[in-house]
Amino acid sequence: MGAQRRQKVAAKRFGMLRGAAKRAQARDEAIRRLIELARVEELATQLDSWTELWHREPAEEEEATVGFLGLLKRLHLCNFKLWHEEDEARREDVPDAVIVQHKRAIDRWNQHRNDTIEQLDEFLLAALVREGVRVRCDAEQNSETPGSILDRLSIASLKIYHMAEQAGRTDVDVQHRQVCAAKHKVLREQRQDLLVCFERLLVELLSGQKRLKLYKQFKMYNDPTLNPALYSARKRQGGKAP
């Protein structure tokens with residue numbers, strides 16, 4: 001599909017999104033902001049800008065969490081931290097104790113990531129309720145929530161950045177750069193497809209064609225009261241199981 005054709009298709013989709021917002025009256029500020037960010041160019045650009053910024057400057061762990069944009073930024077920060085902790089955890093030139101530290105960090109950031117995905121869905125559901133969106137009685141439920149799609153888009157931004165980095169390396173052979181450049185192209189195409197899916201889901205949610213239901217992850221391995229390896233160890237050490 002040519003660039004002009006893609007622009008026309010994107011404009012049509014965004015028109016559908018704005019139309020759905022108008023039918024929902026768009027009184028709620030959260031809904032209006034979400035509509036603005038849902039546009040393909042806006043959402044991808046926002047995530048990419050954070051990715052590039054945090055590779056130039058240290059990412060602060062205490063990032064703003066107010067509103068949709070704040071939650072999205074925190075989710076992206078979690079994935080940014082996870083990406084680099086995963087890289088470090090695969091090193092073989094450091095003591096095991098260092099790897100353990102990285103593995104612990106991965107656990108913490110992954111828990112924060114899952115919590116933030118749920119909070120994004122909670123935020124959107126509350127905004128839809130405030131907006132007074134009337135869900136049709138025959139509305140279907142999407143198997144993937146908006147928060148989960150945003151998580152995938154966040155990871156896609158990181159993949160695109162790092163694959164471009166690999167394609168531009170000067171300390172590797174031409175074949176390595178060519179392979180990575182081809183993968184980079186595929187990653188961008190995949191992200192474009194995912195952005196379209198996100199837009200479509202928002203249209204369906206705002207028009208009441210789809211219903212949003214919150215599903216809790218209930219991660220058990222980080223909870224000392226639910227992970228048998230943790231509470232059993234505590235009992236063996238003479239403590240009381242939580």
# chains A, B, ... in the order shown; residues from 1 in each chain; ligands from 1
call {"tool": "closest_atom_pairs", "arguments": {"of": "stretch 66-171 of chain A", "to": "stretch 48-57 of chain A", "cutoff": "9 Å", "atoms": "only C-alpha atoms", "output": "JSON lines"}}
result
{"residue": "A:Lys73", "atom": "CA", "partner": "A:Trp50", "partner_atom": "CA", "distance": 7.9}
{"residue": "A:His76", "atom": "CA", "partner": "A:Trp50", "partner_atom": "CA", "distance": 8.0}
{"residue": "A:Leu77", "atom": "CA", "partner": "A:Trp50", "partner_atom": "CA", "distance": 8.4}
{"residue": "A:Phe80", "atom": "CA", "partner": "A:Thr51", "partner_atom": "CA", "distance": 7.5}
{"residue": "A:Ser154", "atom": "CA", "partner": "A:Asp48", "partner_atom": "CA", "distance": 8.6}
{"residue": "A:Ser157", "atom": "CA", "partner": "A:Asp48", "partner_atom": "CA", "distance": 5.8}
{"residue": "A:Leu158", "atom": "CA", "partner": "A:Thr51", "partner_atom": "CA", "distance": 6.6}
{"residue": "A:Ile160", "atom": "CA", "partner": "A:Asp48", "partner_atom": "CA", "distance": 8.9}
{"residue": "A:Tyr161", "atom": "CA", "partner": "A:Thr51", "partner_atom": "CA", "distance": 7.5}
call {"tool": "write_last_selection", "arguments": {"atoms": "N, CA and C atoms", "output": "short mmCIF file (atom, residue, chain, number, x, y, z; two decimals), in the first residue's frame"}}
result
data_model
loop_
_atom_site.label_atom_id
_atom_site.label_comp_id
_atom_site.auth_asym_id
_atom_site.auth_seq_id
_atom_site.Cartn_x
_atom_site.Cartn_y
_atom_site.Cartn_z
N LYS A 73 2.91 6.21 30.54
CA LYS A 73 4.34 6.48 30.73
C LYS A 73 4.93 5.52 31.76
N HIS A 76 5.35 2.13 30.16
CA HIS A 76 6.50 2.10 29.25
C HIS A 76 7.81 2.09 30.04
N LEU A 77 7.84 2.79 31.15
CA LEU A 77 9.03 2.78 32.01
C LEU A 77 9.29 1.37 32.53
N PHE A 80 10.73 -0.57 29.74
CA PHE A 80 12.09 -0.09 29.48
C PHE A 80 13.06 -0.70 30.49
N SER A 154 4.02 -0.79 23.71
CA SER A 154 5.19 -0.31 24.44
C SER A 154 6.41 -1.17 24.13
N SER A 157 7.77 -0.59 20.62
CA SER A 157 8.61 0.59 20.51
C SER A 157 10.05 0.27 20.89
N LEU A 158 10.22 -0.50 21.94
CA LEU A 158 11.57 -0.88 22.37
C LEU A 158 12.24 -1.81 21.37
N ILE A 160 11.67 -1.94 18.13
CA ILE A 160 12.00 -1.15 16.94
C ILE A 160 13.27 -0.34 17.18
N TYR A 161 13.37 0.28 18.35
CA TYR A 161 14.55 1.09 18.68
C TYR A 161 15.82 0.24 18.67
#
call {"tool": "residues_around", "arguments": {"residues": "A:Leu75", "least_positions_apart": "6", "cutoff": "10 Å", "atoms": "only C-alpha atoms", "output": "list in words"}}
result
Glu63, Thr65, Leu69, Trp109, Asn110, His112, Arg113, Asn114, Asp115, Thr116, Ile117, Gln119, Leu120, Gly147, Leu150, Asp151, Ser154 and Ile155 of chain A
call {"tool": "write_last_selection", "arguments": {"atoms": "C-alpha atoms", "output": "PDB file, in the first residue's frame"}}
result
ATOM      1  CA  GLU A  63       7.406   8.938  36.986  1.00  0.00           C
ATOM      2  CA  THR A  65       1.088   8.542  37.072  1.00  0.00           C
ATOM      3  CA  LEU A  69      -0.814   9.573  29.812  1.00  0.00           C
ATOM      4  CA  TRP A 109       9.333  -4.501  37.459  1.00  0.00           C
ATOM      5  CA  ASN A 110       7.175  -7.238  35.984  1.00  0.00           C
ATOM      6  CA  HIS A 112       4.652  -3.185  38.483  1.00  0.00           C
ATOM      7  CA  ARG A 113       4.007  -3.743  34.772  1.00  0.00           C
ATOM      8  CA  ASN A 114       1.068  -6.076  35.359  1.00  0.00           C
ATOM      9  CA  ASP A 115      -0.389  -3.745  37.990  1.00  0.00           C
ATOM     10  CA  THR A 116      -0.163  -0.798  35.578  1.00  0.00           C
ATOM     11  CA  ILE A 117      -1.867  -2.714  32.751  1.00  0.00           C
ATOM     12  CA  GLN A 119      -4.833   0.280  36.200  1.00  0.00           C
ATOM     13  CA  LEU A 120      -4.994   1.434  32.577  1.00  0.00           C
ATOM     14  CA  GLY A 147      -4.208  -2.161  28.562  1.00  0.00           C
ATOM     15  CA  LEU A 150      -0.852  -0.807  25.022  1.00  0.00           C
ATOM     16  CA  ASP A 151       1.645  -3.093  26.734  1.00  0.00           C
ATOM     17  CA  SER A 154       5.189  -0.310  24.441  1.00  0.00           C
ATOM     18  CA  ILE A 155       7.324  -3.405  23.869  1.00  0.00           C
TER      19      ILE A 155
END
call {"tool": "residues_around", "arguments": {"residues": "A:Gln141", "least_positions_apart": "2", "cutoff": "7 Å", "atoms": "only C-alpha atoms", "output": "ChimeraX atom specification"}}
result
/A:139,143,210-212
call {"tool": "residues_around", "arguments": {"residues": "A:Leu124", "least_positions_apart": "4", "cutoff": "10 Å", "atoms": "only C-alpha atoms", "output": "ChimeraX atom specification"}}
result
/A:30-31,34,67-68,118-120,128-130,146-147,202,205,212
call {"tool": "write_last_selection", "arguments": {"atoms": "N, CA, C and O atoms", "output": "compact mmCIF listing (two decimals), in the first residue's frame"}}
result
# COMPACT_ATOMS: atom_id res chain seq x y z
N ALA A 30 -10.86 12.55 30.03
CA ALA A 30 -10.05 11.35 29.81
C ALA A 30 -10.36 10.74 28.46
O ALA A 30 -9.45 10.29 27.74
N ILE A 31 -11.63 10.73 28.08
CA ILE A 31 -12.01 10.19 26.78
C ILE A 31 -11.43 11.05 25.66
O ILE A 31 -10.89 10.55 24.68
N LEU A 34 -7.77 10.38 25.35
CA LEU A 34 -7.55 9.05 24.80
C LEU A 34 -7.76 9.04 23.29
O LEU A 34 -7.01 8.42 22.55
N GLY A 67 -3.59 10.38 35.39
CA GLY A 67 -4.32 10.28 34.14
C GLY A 67 -3.80 9.20 33.22
O GLY A 67 -2.87 8.45 33.53
N PHE A 68 -4.43 9.12 32.05
CA PHE A 68 -4.08 8.09 31.08
C PHE A 68 -2.63 8.19 30.63
O PHE A 68 -1.91 7.19 30.59
N GLU A 118 -3.46 -3.31 34.47
CA GLU A 118 -4.79 -3.36 35.09
C GLU A 118 -5.30 -1.96 35.40
O GLU A 118 -6.49 -1.66 35.22
N GLN A 119 -4.42 -1.09 35.87
CA GLN A 119 -4.83 0.28 36.20
C GLN A 119 -5.25 1.06 34.96
O GLN A 119 -6.16 1.88 35.01
N LEU A 120 -4.59 0.80 33.83
CA LEU A 120 -4.99 1.43 32.58
C LEU A 120 -6.40 0.99 32.18
O LEU A 120 -7.22 1.81 31.76
N LEU A 128 -15.33 5.42 30.59
CA LEU A 128 -16.49 5.02 29.79
C LEU A 128 -17.78 5.13 30.60
O LEU A 128 -18.83 5.55 30.08
N VAL A 129 -17.70 4.77 31.88
CA VAL A 129 -18.87 4.87 32.76
C VAL A 129 -19.24 6.34 32.95
O VAL A 129 -20.42 6.72 32.86
N ARG A 130 -18.24 7.18 33.23
CA ARG A 130 -18.51 8.62 33.39
C ARG A 130 -19.10 9.22 32.12
O ARG A 130 -19.94 10.11 32.17
N PRO A 146 -7.65 -3.15 26.29
CA PRO A 146 -6.84 -2.03 25.81
C PRO A 146 -5.49 -1.94 26.51
O PRO A 146 -4.46 -1.66 25.88
N GLY A 147 -5.46 -2.21 27.82
CA GLY A 147 -4.21 -2.16 28.56
C GLY A 147 -3.20 -3.17 28.04
O GLY A 147 -2.00 -2.87 27.94
N LEU A 202 -11.17 0.77 20.38
CA LEU A 202 -11.68 1.98 21.00
C LEU A 202 -12.99 2.42 20.36
O LEU A 202 -13.93 2.85 21.04
N LEU A 205 -15.65 0.16 21.69
CA LEU A 205 -15.96 0.42 23.09
C LEU A 205 -16.77 1.71 23.25
O LEU A 205 -17.74 1.77 24.01
N LEU A 212 -16.16 -3.71 27.97
CA LEU A 212 -14.87 -3.83 28.64
C LEU A 212 -15.10 -4.38 30.04
O LEU A 212 -15.84 -3.79 30.83
call {"tool": "residues_around", "arguments": {"residues": "stretch 233-238 of chain A", "least_positions_apart": "6", "cutoff": "12 Å", "atoms": "only C-alpha atoms", "output": "PDB file with N, CA and C atoms, in the first residue's frame"}}
result
ATOM      1  N   PRO A 224       4.068 -13.770  49.165  1.00  0.00           N
ATOM      2  CA  PRO A 224       4.581 -14.757  50.129  1.00  0.00           C
ATOM      3  C   PRO A 224       3.488 -15.582  50.800  1.00  0.00           C
ATOM      4  N   THR A 225       2.230 -15.137  50.687  1.00  0.00           N
ATOM      5  CA  THR A 225       1.133 -15.913  51.270  1.00  0.00           C
ATOM      6  C   THR A 225       0.562 -16.931  50.285  1.00  0.00           C
ATOM      7  N   ASN A 227       2.695 -18.242  47.407  1.00  0.00           N
ATOM      8  CA  ASN A 227       3.767 -19.021  46.794  1.00  0.00           C
ATOM      9  C   ASN A 227       4.262 -20.058  47.799  1.00  0.00           C
TER      10      ASN A 227
END
call {"tool": "residues_around", "arguments": {"residues": "stretch 170-184 of chain A", "least_positions_apart": "5", "cutoff": "9 Å", "atoms": "only C-alpha atoms", "output": "PDB file with N, CA, C and O atoms, in the first residue's frame"}}
result
ATOM      1  N   LYS A 159      11.475  -2.744  20.812  1.00  0.00           N
ATOM      2  CA  LYS A 159      12.034  -3.652  19.808  1.00  0.00           C
ATOM      3  C   LYS A 159      12.495  -2.880  18.573  1.00  0.00           C
ATOM      4  O   LYS A 159      13.582  -3.131  18.031  1.00  0.00           O
ATOM      5  N   ILE A 160      11.669  -1.942  18.133  1.00  0.00           N
ATOM      6  CA  ILE A 160      12.002  -1.153  16.942  1.00  0.00           C
ATOM      7  C   ILE A 160      13.267  -0.337  17.176  1.00  0.00           C
ATOM      8  O   ILE A 160      14.154  -0.274  16.320  1.00  0.00           O
ATOM      9  N   TYR A 161      13.370   0.276  18.353  1.00  0.00           N
ATOM     10  CA  TYR A 161      14.550   1.093  18.679  1.00  0.00           C
ATOM     11  C   TYR A 161      15.820   0.237  18.667  1.00  0.00           C
ATOM     12  O   TYR A 161      16.827   0.601  18.043  1.00  0.00           O
ATOM     13  N   HIS A 162      15.771  -0.896  19.349  1.00  0.00           N
ATOM     14  CA  HIS A 162      16.977  -1.703  19.489  1.00  0.00           C
ATOM     15  C   HIS A 162      17.336  -2.437  18.193  1.00  0.00           C
ATOM     16  O   HIS A 162      18.523  -2.692  17.932  1.00  0.00           O
ATOM     17  N   MET A 163      16.327  -2.783  17.388  1.00  0.00           N
ATOM     18  CA  MET A 163      16.648  -3.429  16.109  1.00  0.00           C
ATOM     19  C   MET A 163      17.275  -2.422  15.155  1.00  0.00           C
ATOM     20  O   MET A 163      18.202  -2.771  14.393  1.00  0.00           O
ATOM     21  N   ALA A 164      16.804  -1.168  15.202  1.00  0.00           N
ATOM     22  CA  ALA A 164      17.429  -0.118  14.385  1.00  0.00           C
ATOM     23  C   ALA A 164      18.875   0.108  14.832  1.00  0.00           C
ATOM     24  O   ALA A 164      19.774   0.349  14.011  1.00  0.00           O
ATOM     25  N   GLU A 165      19.089   0.020  16.127  1.00  0.00           N
ATOM     26  CA  GLU A 165      20.436   0.161  16.686  1.00  0.00           C
ATOM     27  C   GLU A 165      21.358  -0.921  16.144  1.00  0.00           C
ATOM     28  O   GLU A 165      22.510  -0.652  15.775  1.00  0.00           O
ATOM     29  N   GLU A 189       5.916  -2.812  10.606  1.00  0.00           N
ATOM     30  CA  GLU A 189       4.653  -3.231   9.993  1.00  0.00           C
ATOM     31  C   GLU A 189       3.740  -3.882  11.029  1.00  0.00           C
ATOM     32  O   GLU A 189       2.529  -3.617  11.060  1.00  0.00           O
TER      33      GLU A 189
END
call {"tool": "select_by_dssp", "arguments": {"residues": "stretch 128-191 of chain A", "states": "helix (DSSP H, G or I)", "output": "PyMOL selection string"}}
result
chain A and resi 128-131+146-167+174-191
call {"tool": "residues_around", "arguments": {"residues": "A:Ile99", "least_positions_apart": "5", "cutoff": "9 Å", "atoms": "only C-alpha atoms", "output": "list in words"}}
result
Glu88, Ala89, Arg90, Arg91, Glu92, Val94 and Arg104 of chain A
call {"tool": "closest_residue", "arguments": {"among": "A:Ser232, A:Asn142, A:Ser148, A:Ser207", "to": "A:Leu194", "atoms": "only C-alpha atoms"}}
result
A:Ser148
call {"tool": "closest_residue", "arguments": {"among": "A:Asp193, A:Asp87, A:Asp107, A:Glu144", "to": "A:Asp223", "atoms": "only C-alpha atoms"}}
result
A:Asp107
call {"tool": "atom_distance", "arguments": {"atom1": "atom CA of A:Leu201", "atom2": "atom CA of A:Ala156"}}
result
18.4 Å
call {"tool": "closest_residue", "arguments": {"among": "A:Trp83, A:Glu204, A:Gln111, A:Gly168", "to": "A:Lys219", "atoms": "only C-alpha atoms"}}
result
A:Gln111
